[in-house]
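> Provided herewith: model39.cif, mmCIF, N, CA and C atoms.
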```
data_entry
loop_
_atom_site.label_atom_id
_atom_site.label_comp_id
_atom_site.auth_asym_id
_atom_site.auth_seq_id
_atom_site.Cartn_x
_atom_site.Cartn_y
_atom_site.Cartn_z
N THR X 1 -20.16 -3.49 2.77
CA THR X 1 -21.13 -4.07 1.85
C THR X 1 -20.55 -4.05 0.44
N PHE X 2 -20.99 -5.00 -0.36
CA PHE X 2 -20.65 -5.05 -1.77
C PHE X 2 -21.95 -5.07 -2.55
N ARG X 3 -22.03 -4.26 -3.62
CA ARG X 3 -23.24 -4.23 -4.42
C ARG X 3 -22.91 -3.82 -5.85
N PHE X 4 -23.47 -4.57 -6.81
CA PHE X 4 -23.31 -4.18 -8.20
C PHE X 4 -24.22 -2.99 -8.49
N GLU X 5 -23.71 -2.03 -9.26
CA GLU X 5 -24.48 -0.86 -9.67
C GLU X 5 -24.23 -0.60 -11.15
N LEU X 6 -24.93 0.36 -11.71
CA LEU X 6 -24.80 0.75 -13.11
C LEU X 6 -25.01 -0.44 -14.04
N GLN X 7 -26.13 -1.12 -13.82
CA GLN X 7 -26.52 -2.29 -14.61
C GLN X 7 -25.43 -3.36 -14.61
N GLY X 8 -24.81 -3.55 -13.44
CA GLY X 8 -23.82 -4.60 -13.26
C GLY X 8 -22.43 -4.26 -13.78
N GLN X 9 -22.21 -3.03 -14.22
CA GLN X 9 -20.91 -2.64 -14.77
C GLN X 9 -19.90 -2.22 -13.70
N THR X 10 -20.37 -1.93 -12.50
CA THR X 10 -19.50 -1.45 -11.44
C THR X 10 -19.87 -2.15 -10.12
N LEU X 11 -18.85 -2.63 -9.41
CA LEU X 11 -19.06 -3.18 -8.08
C LEU X 11 -18.65 -2.11 -7.09
N VAL X 12 -19.54 -1.81 -6.13
CA VAL X 12 -19.28 -0.78 -5.14
C VAL X 12 -19.14 -1.42 -3.77
N ARG X 13 -18.01 -1.12 -3.12
CA ARG X 13 -17.78 -1.59 -1.74
C ARG X 13 -17.84 -0.38 -0.83
N ARG X 14 -18.65 -0.49 0.21
CA ARG X 14 -18.72 0.55 1.24
C ARG X 14 -18.29 -0.08 2.56
N SER X 15 -17.54 0.69 3.33
CA SER X 15 -17.04 0.18 4.60
C SER X 15 -17.03 1.30 5.62
N HIS X 16 -17.15 0.92 6.87
CA HIS X 16 -17.01 1.91 7.94
C HIS X 16 -16.46 1.22 9.19
N ALA X 17 -15.86 2.02 10.05
CA ALA X 17 -15.33 1.52 11.32
C ALA X 17 -15.39 2.64 12.35
N ASP X 18 -15.73 2.27 13.56
CA ASP X 18 -15.73 3.22 14.67
C ASP X 18 -14.64 2.80 15.65
N TYR X 19 -13.77 3.74 16.00
CA TYR X 19 -12.65 3.46 16.89
C TYR X 19 -12.87 4.20 18.21
N PRO X 20 -12.75 3.50 19.34
CA PRO X 20 -12.93 4.15 20.64
C PRO X 20 -11.71 4.99 21.02
N THR X 21 -11.89 5.82 22.01
CA THR X 21 -10.78 6.57 22.57
C THR X 21 -9.71 5.59 23.04
N ALA X 22 -8.45 5.86 22.69
CA ALA X 22 -7.37 4.96 23.11
C ALA X 22 -6.03 5.68 23.05
N ASN X 23 -5.18 5.43 24.04
CA ASN X 23 -3.81 5.96 24.06
C ASN X 23 -3.76 7.46 23.81
N GLY X 24 -4.68 8.20 24.41
CA GLY X 24 -4.70 9.65 24.27
C GLY X 24 -5.33 10.15 22.99
N ARG X 25 -5.78 9.26 22.12
CA ARG X 25 -6.44 9.67 20.88
C ARG X 25 -7.94 9.66 21.08
N PRO X 26 -8.63 10.65 20.51
CA PRO X 26 -10.09 10.69 20.65
C PRO X 26 -10.75 9.60 19.80
N ALA X 27 -11.98 9.30 20.11
CA ALA X 27 -12.76 8.36 19.30
C ALA X 27 -12.86 8.91 17.88
N SER X 28 -12.96 8.00 16.90
CA SER X 28 -13.07 8.46 15.52
C SER X 28 -13.96 7.53 14.71
N HIS X 29 -14.40 8.04 13.58
CA HIS X 29 -15.26 7.29 12.65
C HIS X 29 -14.60 7.31 11.28
N HIS X 30 -14.51 6.16 10.63
CA HIS X 30 -13.91 6.04 9.30
C HIS X 30 -14.96 5.51 8.33
N GLU X 31 -15.06 6.13 7.16
CA GLU X 31 -15.94 5.65 6.09
C GLU X 31 -15.14 5.62 4.80
N ASP X 32 -15.40 4.60 3.98
CA ASP X 32 -14.77 4.60 2.67
C ASP X 32 -15.68 3.99 1.62
N LEU X 33 -15.34 4.28 0.38
CA LEU X 33 -16.07 3.81 -0.78
C LEU X 33 -15.04 3.38 -1.81
N MET X 34 -15.24 2.20 -2.38
CA MET X 34 -14.36 1.74 -3.45
C MET X 34 -15.21 1.23 -4.59
N THR X 35 -14.89 1.68 -5.80
CA THR X 35 -15.59 1.20 -6.98
C THR X 35 -14.63 0.34 -7.80
N LEU X 36 -15.13 -0.78 -8.29
CA LEU X 36 -14.36 -1.66 -9.17
C LEU X 36 -14.97 -1.60 -10.56
N PHE X 37 -14.13 -1.51 -11.57
CA PHE X 37 -14.60 -1.34 -12.93
C PHE X 37 -13.54 -1.84 -13.90
N VAL X 38 -13.93 -2.06 -15.14
CA VAL X 38 -12.99 -2.48 -16.18
C VAL X 38 -12.67 -1.26 -17.03
N GLU X 39 -11.38 -1.03 -17.22
CA GLU X 39 -10.91 0.07 -18.06
C GLU X 39 -9.90 -0.48 -19.06
N ARG X 40 -10.22 -0.39 -20.34
CA ARG X 40 -9.36 -0.91 -21.41
C ARG X 40 -8.95 -2.36 -21.14
N GLY X 41 -9.89 -3.18 -20.71
CA GLY X 41 -9.65 -4.59 -20.49
C GLY X 41 -8.99 -4.95 -19.17
N GLN X 42 -8.65 -3.99 -18.34
CA GLN X 42 -7.98 -4.23 -17.06
C GLN X 42 -8.95 -3.90 -15.91
N LEU X 43 -9.06 -4.81 -14.94
CA LEU X 43 -9.87 -4.55 -13.76
C LEU X 43 -9.13 -3.56 -12.88
N LYS X 44 -9.83 -2.48 -12.52
CA LYS X 44 -9.24 -1.43 -11.68
C LYS X 44 -10.20 -1.08 -10.56
N ALA X 45 -9.70 -0.31 -9.60
CA ALA X 45 -10.53 0.15 -8.50
C ALA X 45 -10.11 1.56 -8.10
N LEU X 46 -11.07 2.31 -7.59
CA LEU X 46 -10.83 3.65 -7.07
C LEU X 46 -11.34 3.69 -5.64
N PHE X 47 -10.47 4.04 -4.69
CA PHE X 47 -10.78 4.10 -3.27
C PHE X 47 -10.83 5.56 -2.84
N LEU X 48 -11.87 5.91 -2.08
CA LEU X 48 -12.03 7.26 -1.51
C LEU X 48 -12.48 7.11 -0.07
N ASP X 49 -12.03 8.01 0.81
CA ASP X 49 -12.51 7.94 2.19
C ASP X 49 -12.73 9.32 2.79
N ASN X 50 -13.27 9.32 4.03
CA ASN X 50 -13.57 10.58 4.71
C ASN X 50 -12.33 11.27 5.26
N GLU X 51 -11.15 10.70 5.04
CA GLU X 51 -9.90 11.33 5.44
C GLU X 51 -9.18 11.94 4.24
N ALA X 52 -9.89 12.03 3.10
CA ALA X 52 -9.40 12.61 1.85
C ALA X 52 -8.34 11.75 1.16
N HIS X 53 -8.28 10.46 1.48
CA HIS X 53 -7.39 9.56 0.74
C HIS X 53 -8.02 9.18 -0.59
N VAL X 54 -7.22 9.15 -1.63
CA VAL X 54 -7.62 8.70 -2.96
C VAL X 54 -6.56 7.70 -3.40
N ILE X 55 -6.98 6.46 -3.65
CA ILE X 55 -6.03 5.42 -4.08
C ILE X 55 -6.59 4.77 -5.34
N ARG X 56 -5.76 4.73 -6.37
CA ARG X 56 -6.10 4.06 -7.62
C ARG X 56 -5.40 2.72 -7.64
N TYR X 57 -6.18 1.64 -7.80
CA TYR X 57 -5.63 0.30 -7.77
C TYR X 57 -5.76 -0.40 -9.12
N GLU X 58 -4.79 -1.27 -9.41
CA GLU X 58 -4.94 -2.29 -10.44
C GLU X 58 -5.27 -3.56 -9.69
N VAL X 59 -6.15 -4.39 -10.26
CA VAL X 59 -6.65 -5.57 -9.55
C VAL X 59 -6.23 -6.83 -10.30
N ALA X 60 -5.69 -7.80 -9.56
CA ALA X 60 -5.29 -9.08 -10.14
C ALA X 60 -5.98 -10.19 -9.37
N SER X 61 -6.29 -11.28 -10.07
CA SER X 61 -6.89 -12.42 -9.39
C SER X 61 -5.81 -13.20 -8.66
N ALA X 62 -6.22 -13.87 -7.60
CA ALA X 62 -5.36 -14.75 -6.81
C ALA X 62 -6.18 -15.99 -6.52
N PRO X 63 -5.53 -17.10 -6.18
CA PRO X 63 -6.33 -18.28 -5.81
C PRO X 63 -7.31 -17.91 -4.69
N ALA X 64 -8.59 -18.06 -4.95
CA ALA X 64 -9.66 -17.76 -3.99
C ALA X 64 -9.71 -16.30 -3.58
N GLY X 65 -9.27 -15.38 -4.44
CA GLY X 65 -9.34 -13.99 -4.03
C GLY X 65 -8.90 -13.00 -5.08
N ALA X 66 -8.56 -11.80 -4.59
CA ALA X 66 -8.13 -10.72 -5.46
C ALA X 66 -7.09 -9.87 -4.73
N ILE X 67 -6.15 -9.32 -5.51
CA ILE X 67 -5.10 -8.47 -4.96
C ILE X 67 -5.19 -7.10 -5.64
N PHE X 68 -5.35 -6.08 -4.83
CA PHE X 68 -5.45 -4.69 -5.28
C PHE X 68 -4.11 -4.03 -4.97
N THR X 69 -3.40 -3.58 -6.00
CA THR X 69 -2.10 -2.93 -5.79
C THR X 69 -2.18 -1.53 -6.35
N SER X 70 -1.82 -0.55 -5.51
CA SER X 70 -1.93 0.83 -5.96
C SER X 70 -0.94 1.13 -7.07
N GLU X 71 -1.33 2.06 -7.92
CA GLU X 71 -0.47 2.48 -9.00
C GLU X 71 0.77 3.16 -8.42
N PRO X 72 1.92 2.97 -9.05
CA PRO X 72 3.15 3.62 -8.54
C PRO X 72 3.03 5.13 -8.57
N GLY X 73 3.68 5.76 -7.62
CA GLY X 73 3.68 7.21 -7.53
C GLY X 73 4.78 7.66 -6.59
N PRO X 74 4.82 8.94 -6.29
CA PRO X 74 5.90 9.45 -5.43
C PRO X 74 5.74 9.10 -3.95
N GLY X 75 4.54 8.81 -3.51
CA GLY X 75 4.31 8.53 -2.09
C GLY X 75 4.33 7.05 -1.78
N PRO X 76 3.73 6.65 -0.68
CA PRO X 76 3.68 5.24 -0.31
C PRO X 76 2.84 4.45 -1.33
N ARG X 77 3.02 3.15 -1.32
CA ARG X 77 2.25 2.26 -2.20
C ARG X 77 1.42 1.36 -1.30
N PHE X 78 0.25 0.94 -1.77
CA PHE X 78 -0.67 0.17 -0.96
C PHE X 78 -1.04 -1.12 -1.68
N ARG X 79 -1.32 -2.16 -0.87
CA ARG X 79 -1.80 -3.43 -1.42
C ARG X 79 -2.88 -3.96 -0.48
N LEU X 80 -4.02 -4.31 -1.07
CA LEU X 80 -5.17 -4.84 -0.33
C LEU X 80 -5.47 -6.22 -0.92
N THR X 81 -5.49 -7.24 -0.07
CA THR X 81 -5.72 -8.60 -0.52
C THR X 81 -6.95 -9.17 0.16
N TYR X 82 -7.87 -9.70 -0.66
CA TYR X 82 -9.04 -10.41 -0.17
C TYR X 82 -8.87 -11.89 -0.52
N LEU X 83 -9.08 -12.78 0.47
CA LEU X 83 -9.03 -14.22 0.23
C LEU X 83 -10.27 -14.88 0.83
N ARG X 84 -10.98 -15.64 0.00
CA ARG X 84 -12.18 -16.34 0.46
C ARG X 84 -11.77 -17.60 1.21
N LYS X 85 -12.24 -17.72 2.45
CA LYS X 85 -11.92 -18.87 3.28
C LYS X 85 -13.06 -19.89 3.33
N SER X 86 -14.28 -19.42 3.16
CA SER X 86 -15.45 -20.31 3.17
C SER X 86 -16.60 -19.56 2.49
N GLU X 87 -17.78 -20.17 2.50
CA GLU X 87 -18.97 -19.51 1.93
C GLU X 87 -19.30 -18.19 2.62
N THR X 88 -18.92 -18.07 3.89
CA THR X 88 -19.30 -16.89 4.66
C THR X 88 -18.13 -16.07 5.20
N LEU X 89 -16.88 -16.53 5.02
CA LEU X 89 -15.72 -15.83 5.58
C LEU X 89 -14.74 -15.40 4.49
N VAL X 90 -14.27 -14.16 4.61
CA VAL X 90 -13.25 -13.62 3.73
C VAL X 90 -12.23 -12.90 4.62
N THR X 91 -10.93 -13.18 4.38
CA THR X 91 -9.89 -12.45 5.10
C THR X 91 -9.43 -11.29 4.24
N LEU X 92 -8.94 -10.26 4.90
CA LEU X 92 -8.34 -9.16 4.16
C LEU X 92 -7.07 -8.73 4.86
N ARG X 93 -6.14 -8.27 4.04
CA ARG X 93 -4.86 -7.75 4.55
C ARG X 93 -4.59 -6.44 3.80
N PHE X 94 -4.24 -5.40 4.55
CA PHE X 94 -3.87 -4.11 3.97
C PHE X 94 -2.41 -3.88 4.29
N GLU X 95 -1.61 -3.65 3.24
CA GLU X 95 -0.17 -3.48 3.39
C GLU X 95 0.26 -2.13 2.82
N ILE X 96 1.36 -1.61 3.35
CA ILE X 96 1.90 -0.33 2.89
C ILE X 96 3.39 -0.50 2.62
N ALA X 97 3.85 0.06 1.49
CA ALA X 97 5.28 0.12 1.16
C ALA X 97 5.70 1.59 1.23
N PRO X 98 6.84 1.87 1.85
CA PRO X 98 7.25 3.27 2.01
C PRO X 98 7.71 3.89 0.68
N PRO X 99 7.67 5.22 0.61
CA PRO X 99 8.18 5.90 -0.59
C PRO X 99 9.61 5.45 -0.89
N GLY X 100 9.90 5.25 -2.15
CA GLY X 100 11.24 4.83 -2.55
C GLY X 100 11.48 3.34 -2.48
N LYS X 101 10.56 2.60 -1.86
CA LYS X 101 10.68 1.15 -1.77
C LYS X 101 9.32 0.54 -2.15
N PRO X 102 8.95 0.64 -3.44
CA PRO X 102 7.58 0.29 -3.85
C PRO X 102 7.18 -1.17 -3.69
N GLU X 103 8.12 -2.06 -3.45
CA GLU X 103 7.78 -3.48 -3.25
C GLU X 103 8.00 -3.94 -1.81
N ALA X 104 8.42 -3.05 -0.92
CA ALA X 104 8.72 -3.41 0.47
C ALA X 104 7.46 -3.30 1.33
N PHE X 105 6.44 -4.08 1.00
CA PHE X 105 5.17 -4.02 1.72
C PHE X 105 5.30 -4.62 3.12
N SER X 106 4.66 -3.98 4.08
CA SER X 106 4.52 -4.56 5.42
C SER X 106 3.06 -4.43 5.83
N THR X 107 2.61 -5.40 6.60
CA THR X 107 1.20 -5.47 6.98
C THR X 107 0.85 -4.35 7.95
N TYR X 108 -0.22 -3.64 7.63
CA TYR X 108 -0.75 -2.56 8.47
C TYR X 108 -1.99 -3.03 9.21
N LEU X 109 -2.81 -3.86 8.54
CA LEU X 109 -4.09 -4.29 9.11
C LEU X 109 -4.47 -5.65 8.53
N GLU X 110 -4.97 -6.55 9.37
CA GLU X 110 -5.54 -7.80 8.93
C GLU X 110 -6.91 -7.97 9.60
N ALA X 111 -7.86 -8.55 8.87
CA ALA X 111 -9.22 -8.71 9.42
C ALA X 111 -9.91 -9.89 8.78
N VAL X 112 -10.97 -10.33 9.42
CA VAL X 112 -11.84 -11.38 8.88
C VAL X 112 -13.22 -10.76 8.75
N THR X 113 -13.84 -10.92 7.59
CA THR X 113 -15.18 -10.41 7.37
C THR X 113 -16.15 -11.58 7.22
N ARG X 114 -17.40 -11.36 7.59
CA ARG X 114 -18.41 -12.40 7.53
C ARG X 114 -19.59 -11.93 6.71
N LYS X 115 -20.11 -12.83 5.88
CA LYS X 115 -21.30 -12.54 5.12
C LYS X 115 -22.49 -12.59 6.07
N VAL X 116 -23.32 -11.56 6.05
CA VAL X 116 -24.47 -11.50 6.95
C VAL X 116 -25.79 -11.64 6.23
N LYS X 117 -25.83 -11.48 4.92
CA LYS X 117 -27.10 -11.62 4.18
C LYS X 117 -26.88 -12.53 3.02
#
```
Just give me the structure as structure tokens.


Amino acid sequence: TFRFELQGQTLVRRSHADYPTANGRPASHHEDLMTLFVERGQLKALFLDNEAHVIRYEVASAPAGAIFTSEPGPGPRFRLTYLRKSETLVTLRFEIAPPGKPEAFSTYLEAVTRKVK
């Protein structure tokens, strides 16, 4: 879900996924929260999840979408891209670059989301 909060100053995205038992791994539940906000004129985002991940993103516009690129650091780097395909469909791609290769992104997850309300 996406919802504006704090009198429209912050956009909050909440997401969850349930994964069934597979390949010897137990079933699991994933929850995350991402807030988008403007800091010193730059659109940024903060991602938190139930697995204790914390990712700070800088956000750039793209044709029909937005690209979230994690701030550089010693560990892996992340990029999340949302692209609007229609009034009700948005694609997303989550990519990871290994430590020491901050621009060598490879796709980890791709999905299509649908507007329900």

> List as a PDB file with N, CA and C atoms, in the frame of the given file the residues having at least one atom at most 8 Å from position (-8.2, -8.1, 1.8) as given in the file, counting only N, CA and C atoms.


```
ATOM      1  N   ALA X  66      -8.560 -11.800  -4.590  1.00  0.00           N
ATOM      2  CA  ALA X  66      -8.130 -10.720  -5.460  1.00  0.00           C
ATOM      3  C   ALA X  66      -7.090  -9.870  -4.730  1.00  0.00           C
ATOM      4  N   ILE X  67      -6.150  -9.320  -5.510  1.00  0.00           N
ATOM      5  CA  ILE X  67      -5.100  -8.470  -4.960  1.00  0.00           C
ATOM      6  C   ILE X  67      -5.190  -7.100  -5.640  1.00  0.00           C
ATOM      7  N   PHE X  68      -5.350  -6.080  -4.830  1.00  0.00           N
ATOM      8  CA  PHE X  68      -5.450  -4.690  -5.280  1.00  0.00           C
ATOM      9  C   PHE X  68      -4.110  -4.030  -4.970  1.00  0.00           C
ATOM     10  N   ARG X  79      -1.320  -2.160  -0.870  1.00  0.00           N
ATOM     11  CA  ARG X  79      -1.800  -3.430  -1.420  1.00  0.00           C
ATOM     12  C   ARG X  79      -2.880  -3.960  -0.480  1.00  0.00           C
ATOM     13  N   LEU X  80      -4.020  -4.310  -1.070  1.00  0.00           N
ATOM     14  CA  LEU X  80      -5.170  -4.840  -0.330  1.00  0.00           C
ATOM     15  C   LEU X  80      -5.470  -6.220  -0.920  1.00  0.00           C
ATOM     16  N   THR X  81      -5.490  -7.240  -0.070  1.00  0.00           N
ATOM     17  CA  THR X  81      -5.720  -8.600  -0.520  1.00  0.00           C
ATOM     18  C   THR X  81      -6.950  -9.170   0.160  1.00  0.00           C
ATOM     19  N   TYR X  82      -7.870  -9.700  -0.660  1.00  0.00           N
ATOM     20  CA  TYR X  82      -9.040 -10.410  -0.170  1.00  0.00           C
ATOM     21  C   TYR X  82      -8.870 -11.890  -0.520  1.00  0.00           C
ATOM     22  N   LEU X  83      -9.080 -12.780   0.470  1.00  0.00           N
ATOM     23  CA  LEU X  83      -9.030 -14.220   0.230  1.00  0.00           C
ATOM     24  C   LEU X  83     -10.270 -14.880   0.830  1.00  0.00           C
ATOM     25  N   VAL X  90     -14.270 -14.160   4.610  1.00  0.00           N
ATOM     26  CA  VAL X  90     -13.250 -13.620   3.730  1.00  0.00           C
ATOM     27  C   VAL X  90     -12.230 -12.900   4.620  1.00  0.00           C
ATOM     28  N   THR X  91     -10.930 -13.180   4.380  1.00  0.00           N
ATOM     29  CA  THR X  91      -9.890 -12.450   5.100  1.00  0.00           C
ATOM     30  C   THR X  91      -9.430 -11.290   4.240  1.00  0.00           C
ATOM     31  N   LEU X  92      -8.940 -10.260   4.900  1.00  0.00           N
ATOM     32  CA  LEU X  92      -8.340  -9.160   4.160  1.00  0.00           C
ATOM     33  C   LEU X  92      -7.070  -8.730   4.860  1.00  0.00           C
ATOM     34  N   ARG X  93      -6.140  -8.270   4.040  1.00  0.00           N
ATOM     35  CA  ARG X  93      -4.860  -7.750   4.550  1.00  0.00           C
ATOM     36  C   ARG X  93      -4.590  -6.440   3.800  1.00  0.00           C
ATOM     37  N   PHE X  94      -4.240  -5.400   4.550  1.00  0.00           N
ATOM     38  CA  PHE X  94      -3.870  -4.110   3.970  1.00  0.00           C
ATOM     39  C   PHE X  94      -2.410  -3.880   4.290  1.00  0.00           C
ATOM     40  N   GLU X 110      -4.970  -6.550   9.370  1.00  0.00           N
ATOM     41  CA  GLU X 110      -5.540  -7.800   8.930  1.00  0.00           C
ATOM     42  C   GLU X 110      -6.910  -7.970   9.600  1.00  0.00           C
ATOM     43  N   ALA X 111      -7.860  -8.550   8.870  1.00  0.00           N
ATOM     44  CA  ALA X 111      -9.220  -8.710   9.420  1.00  0.00           C
ATOM     45  C   ALA X 111      -9.910  -9.890   8.780  1.00  0.00           C
TER      46      ALA X 111
END
```

> Centre and edge lengths of an axis-aligned box around all listed atoms of range 16-27 of chain X, with 6 Å added on each side, are to be given in Å to one decimal, as lines of an AutoDock Vina configuration file.


```
center_x = -10.5
center_y = 5.8
center_z = 15.6
size_x = 25.4
size_y = 21.8
size_z = 29.5
```

> For the atom pair CA of Arg84 in chain X and atom C of Glu39 in chain X, what is the interatomic distance in Å to one decimal place?

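Answer for the CA of Arg84 in chain X to atom C of Glu39 in chain X separation: 25.3 Å.
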
> Please write as JSON, numbers by chain the full residue list that the PyMOL selection byres ((chain X and resi 115) around 8) yields on this file.

{"X": [87, 88, 89, 90, 112, 113, 114, 116, 117]}

> Please provide as a PyMOL selection string all residues within 9 Å of Asp18 in chain X, with the sequence filter that same-chain residues fewer than 2 positions apart are discarded (counting only C-alpha atoms).

chain X and resi 16+20+27-31

> Limited to N, CA and C atoms, could you put the picked residues into a file as a PDB file, in the coordinates of the input?


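Once everything was written out, this is result.pdb:
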```pdb
ATOM      1  N   HIS X  16     -17.150   0.920   6.870  1.00  0.00           N
ATOM      2  CA  HIS X  16     -17.010   1.910   7.940  1.00  0.00           C
ATOM      3  C   HIS X  16     -16.460   1.220   9.190  1.00  0.00           C
ATOM      4  N   PRO X  20     -12.750   3.500  19.340  1.00  0.00           N
ATOM      5  CA  PRO X  20     -12.930   4.150  20.640  1.00  0.00           C
ATOM      6  C   PRO X  20     -11.710   4.990  21.020  1.00  0.00           C
ATOM      7  N   ALA X  27     -11.980   9.300  20.110  1.00  0.00           N
ATOM      8  CA  ALA X  27     -12.760   8.360  19.300  1.00  0.00           C
ATOM      9  C   ALA X  27     -12.860   8.910  17.880  1.00  0.00           C
ATOM     10  N   SER X  28     -12.960   8.000  16.900  1.00  0.00           N
ATOM     11  CA  SER X  28     -13.070   8.460  15.520  1.00  0.00           C
ATOM     12  C   SER X  28     -13.960   7.530  14.710  1.00  0.00           C
ATOM     13  N   HIS X  29     -14.400   8.040  13.580  1.00  0.00           N
ATOM     14  CA  HIS X  29     -15.260   7.290  12.650  1.00  0.00           C
ATOM     15  C   HIS X  29     -14.600   7.310  11.280  1.00  0.00           C
ATOM     16  N   HIS X  30     -14.510   6.160  10.630  1.00  0.00           N
ATOM     17  CA  HIS X  30     -13.910   6.040   9.300  1.00  0.00           C
ATOM     18  C   HIS X  30     -14.960   5.510   8.330  1.00  0.00           C
ATOM     19  N   GLU X  31     -15.060   6.130   7.160  1.00  0.00           N
ATOM     20  CA  GLU X  31     -15.940   5.650   6.090  1.00  0.00           C
ATOM     21  C   GLU X  31     -15.140   5.620   4.800  1.00  0.00           C
TER      22      GLU X  31
END
```

> Taking the file as shown, what set of residues would the PyMOL selection byres (((chain X and resi 74 and name CA) around 8) and name CA) give back, as a PDB file with N, CA and C atoms, in the frame of the given file?


```pdb
ATOM      1  N   PRO X  72       1.920   2.970  -9.050  1.00  0.00           N
ATOM      2  CA  PRO X  72       3.150   3.620  -8.540  1.00  0.00           C
ATOM      3  C   PRO X  72       3.030   5.130  -8.570  1.00  0.00           C
ATOM      4  N   GLY X  73       3.680   5.760  -7.620  1.00  0.00           N
ATOM      5  CA  GLY X  73       3.680   7.210  -7.530  1.00  0.00           C
ATOM      6  C   GLY X  73       4.780   7.660  -6.590  1.00  0.00           C
ATOM      7  N   GLY X  75       4.540   8.810  -3.510  1.00  0.00           N
ATOM      8  CA  GLY X  75       4.310   8.530  -2.090  1.00  0.00           C
ATOM      9  C   GLY X  75       4.330   7.050  -1.780  1.00  0.00           C
ATOM     10  N   PRO X  76       3.730   6.650  -0.680  1.00  0.00           N
ATOM     11  CA  PRO X  76       3.680   5.240  -0.310  1.00  0.00           C
ATOM     12  C   PRO X  76       2.840   4.450  -1.330  1.00  0.00           C
ATOM     13  N   PRO X  99       7.670   5.220   0.610  1.00  0.00           N
ATOM     14  CA  PRO X  99       8.180   5.900  -0.590  1.00  0.00           C
ATOM     15  C   PRO X  99       9.610   5.450  -0.890  1.00  0.00           C
ATOM     16  N   GLY X 100       9.900   5.250  -2.150  1.00  0.00           N
ATOM     17  CA  GLY X 100      11.240   4.830  -2.550  1.00  0.00           C
ATOM     18  C   GLY X 100      11.480   3.340  -2.480  1.00  0.00           C
TER      19      GLY X 100
END
```

> Enter the distance from atom C of Thr1 in chain X to CA of Leu36 in chain X, in Å, rounded to one decimal.

11.7 Å

> Assuming the chain letters and numbering stay as they are in my file, what does the PyMOL selection byres (((chain X and resi 34 and name CA) around 7) and name CA) actually select? List them as a VMD selection string.

chain X and resid 12 to 14 32 to 33 35 to 36 45 to 48

> So what do you get for atom C of Phe2 in chain X versus CA of Ser15 in chain X, distance-wise?

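Taking atom C of Phe2 in chain X as the start and CA of Ser15 in chain X as the end point, the length is 10.1 Å.
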
> Within 8 Å of Leu43 in chain X, counting all atoms listed in the file, which residues show up once you throw out same-chain ones fewer than 2 positions away? Write them as a ChimeraX atom specification, please.

/X:36-41,45,57-60

> Selected residues, N, CA and C atoms, written as a compact mmCIF listing (two decimals), keeping the file's coordinate frame, please.


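Saved file part_25.txt follows:
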```txt
# COMPACT_ATOMS: atom_id res chain seq x y z
N LEU X 36 -15.13 -0.78 -8.29
CA LEU X 36 -14.36 -1.66 -9.17
C LEU X 36 -14.97 -1.60 -10.56
N PHE X 37 -14.13 -1.51 -11.57
CA PHE X 37 -14.60 -1.34 -12.93
C PHE X 37 -13.54 -1.84 -13.90
N VAL X 38 -13.93 -2.06 -15.14
CA VAL X 38 -12.99 -2.48 -16.18
C VAL X 38 -12.67 -1.26 -17.03
N GLU X 39 -11.38 -1.03 -17.22
CA GLU X 39 -10.91 0.07 -18.06
C GLU X 39 -9.90 -0.48 -19.06
N ARG X 40 -10.22 -0.39 -20.34
CA ARG X 40 -9.36 -0.91 -21.41
C ARG X 40 -8.95 -2.36 -21.14
N GLY X 41 -9.89 -3.18 -20.71
CA GLY X 41 -9.65 -4.59 -20.49
C GLY X 41 -8.99 -4.95 -19.17
N ALA X 45 -9.70 -0.31 -9.60
CA ALA X 45 -10.53 0.15 -8.50
C ALA X 45 -10.11 1.56 -8.10
N TYR X 57 -6.18 1.64 -7.80
CA TYR X 57 -5.63 0.30 -7.77
C TYR X 57 -5.76 -0.40 -9.12
N GLU X 58 -4.79 -1.27 -9.41
CA GLU X 58 -4.94 -2.29 -10.44
C GLU X 58 -5.27 -3.56 -9.69
N VAL X 59 -6.15 -4.39 -10.26
CA VAL X 59 -6.65 -5.57 -9.55
C VAL X 59 -6.23 -6.83 -10.30
N ALA X 60 -5.69 -7.80 -9.56
CA ALA X 60 -5.29 -9.08 -10.14
C ALA X 60 -5.98 -10.19 -9.37
```
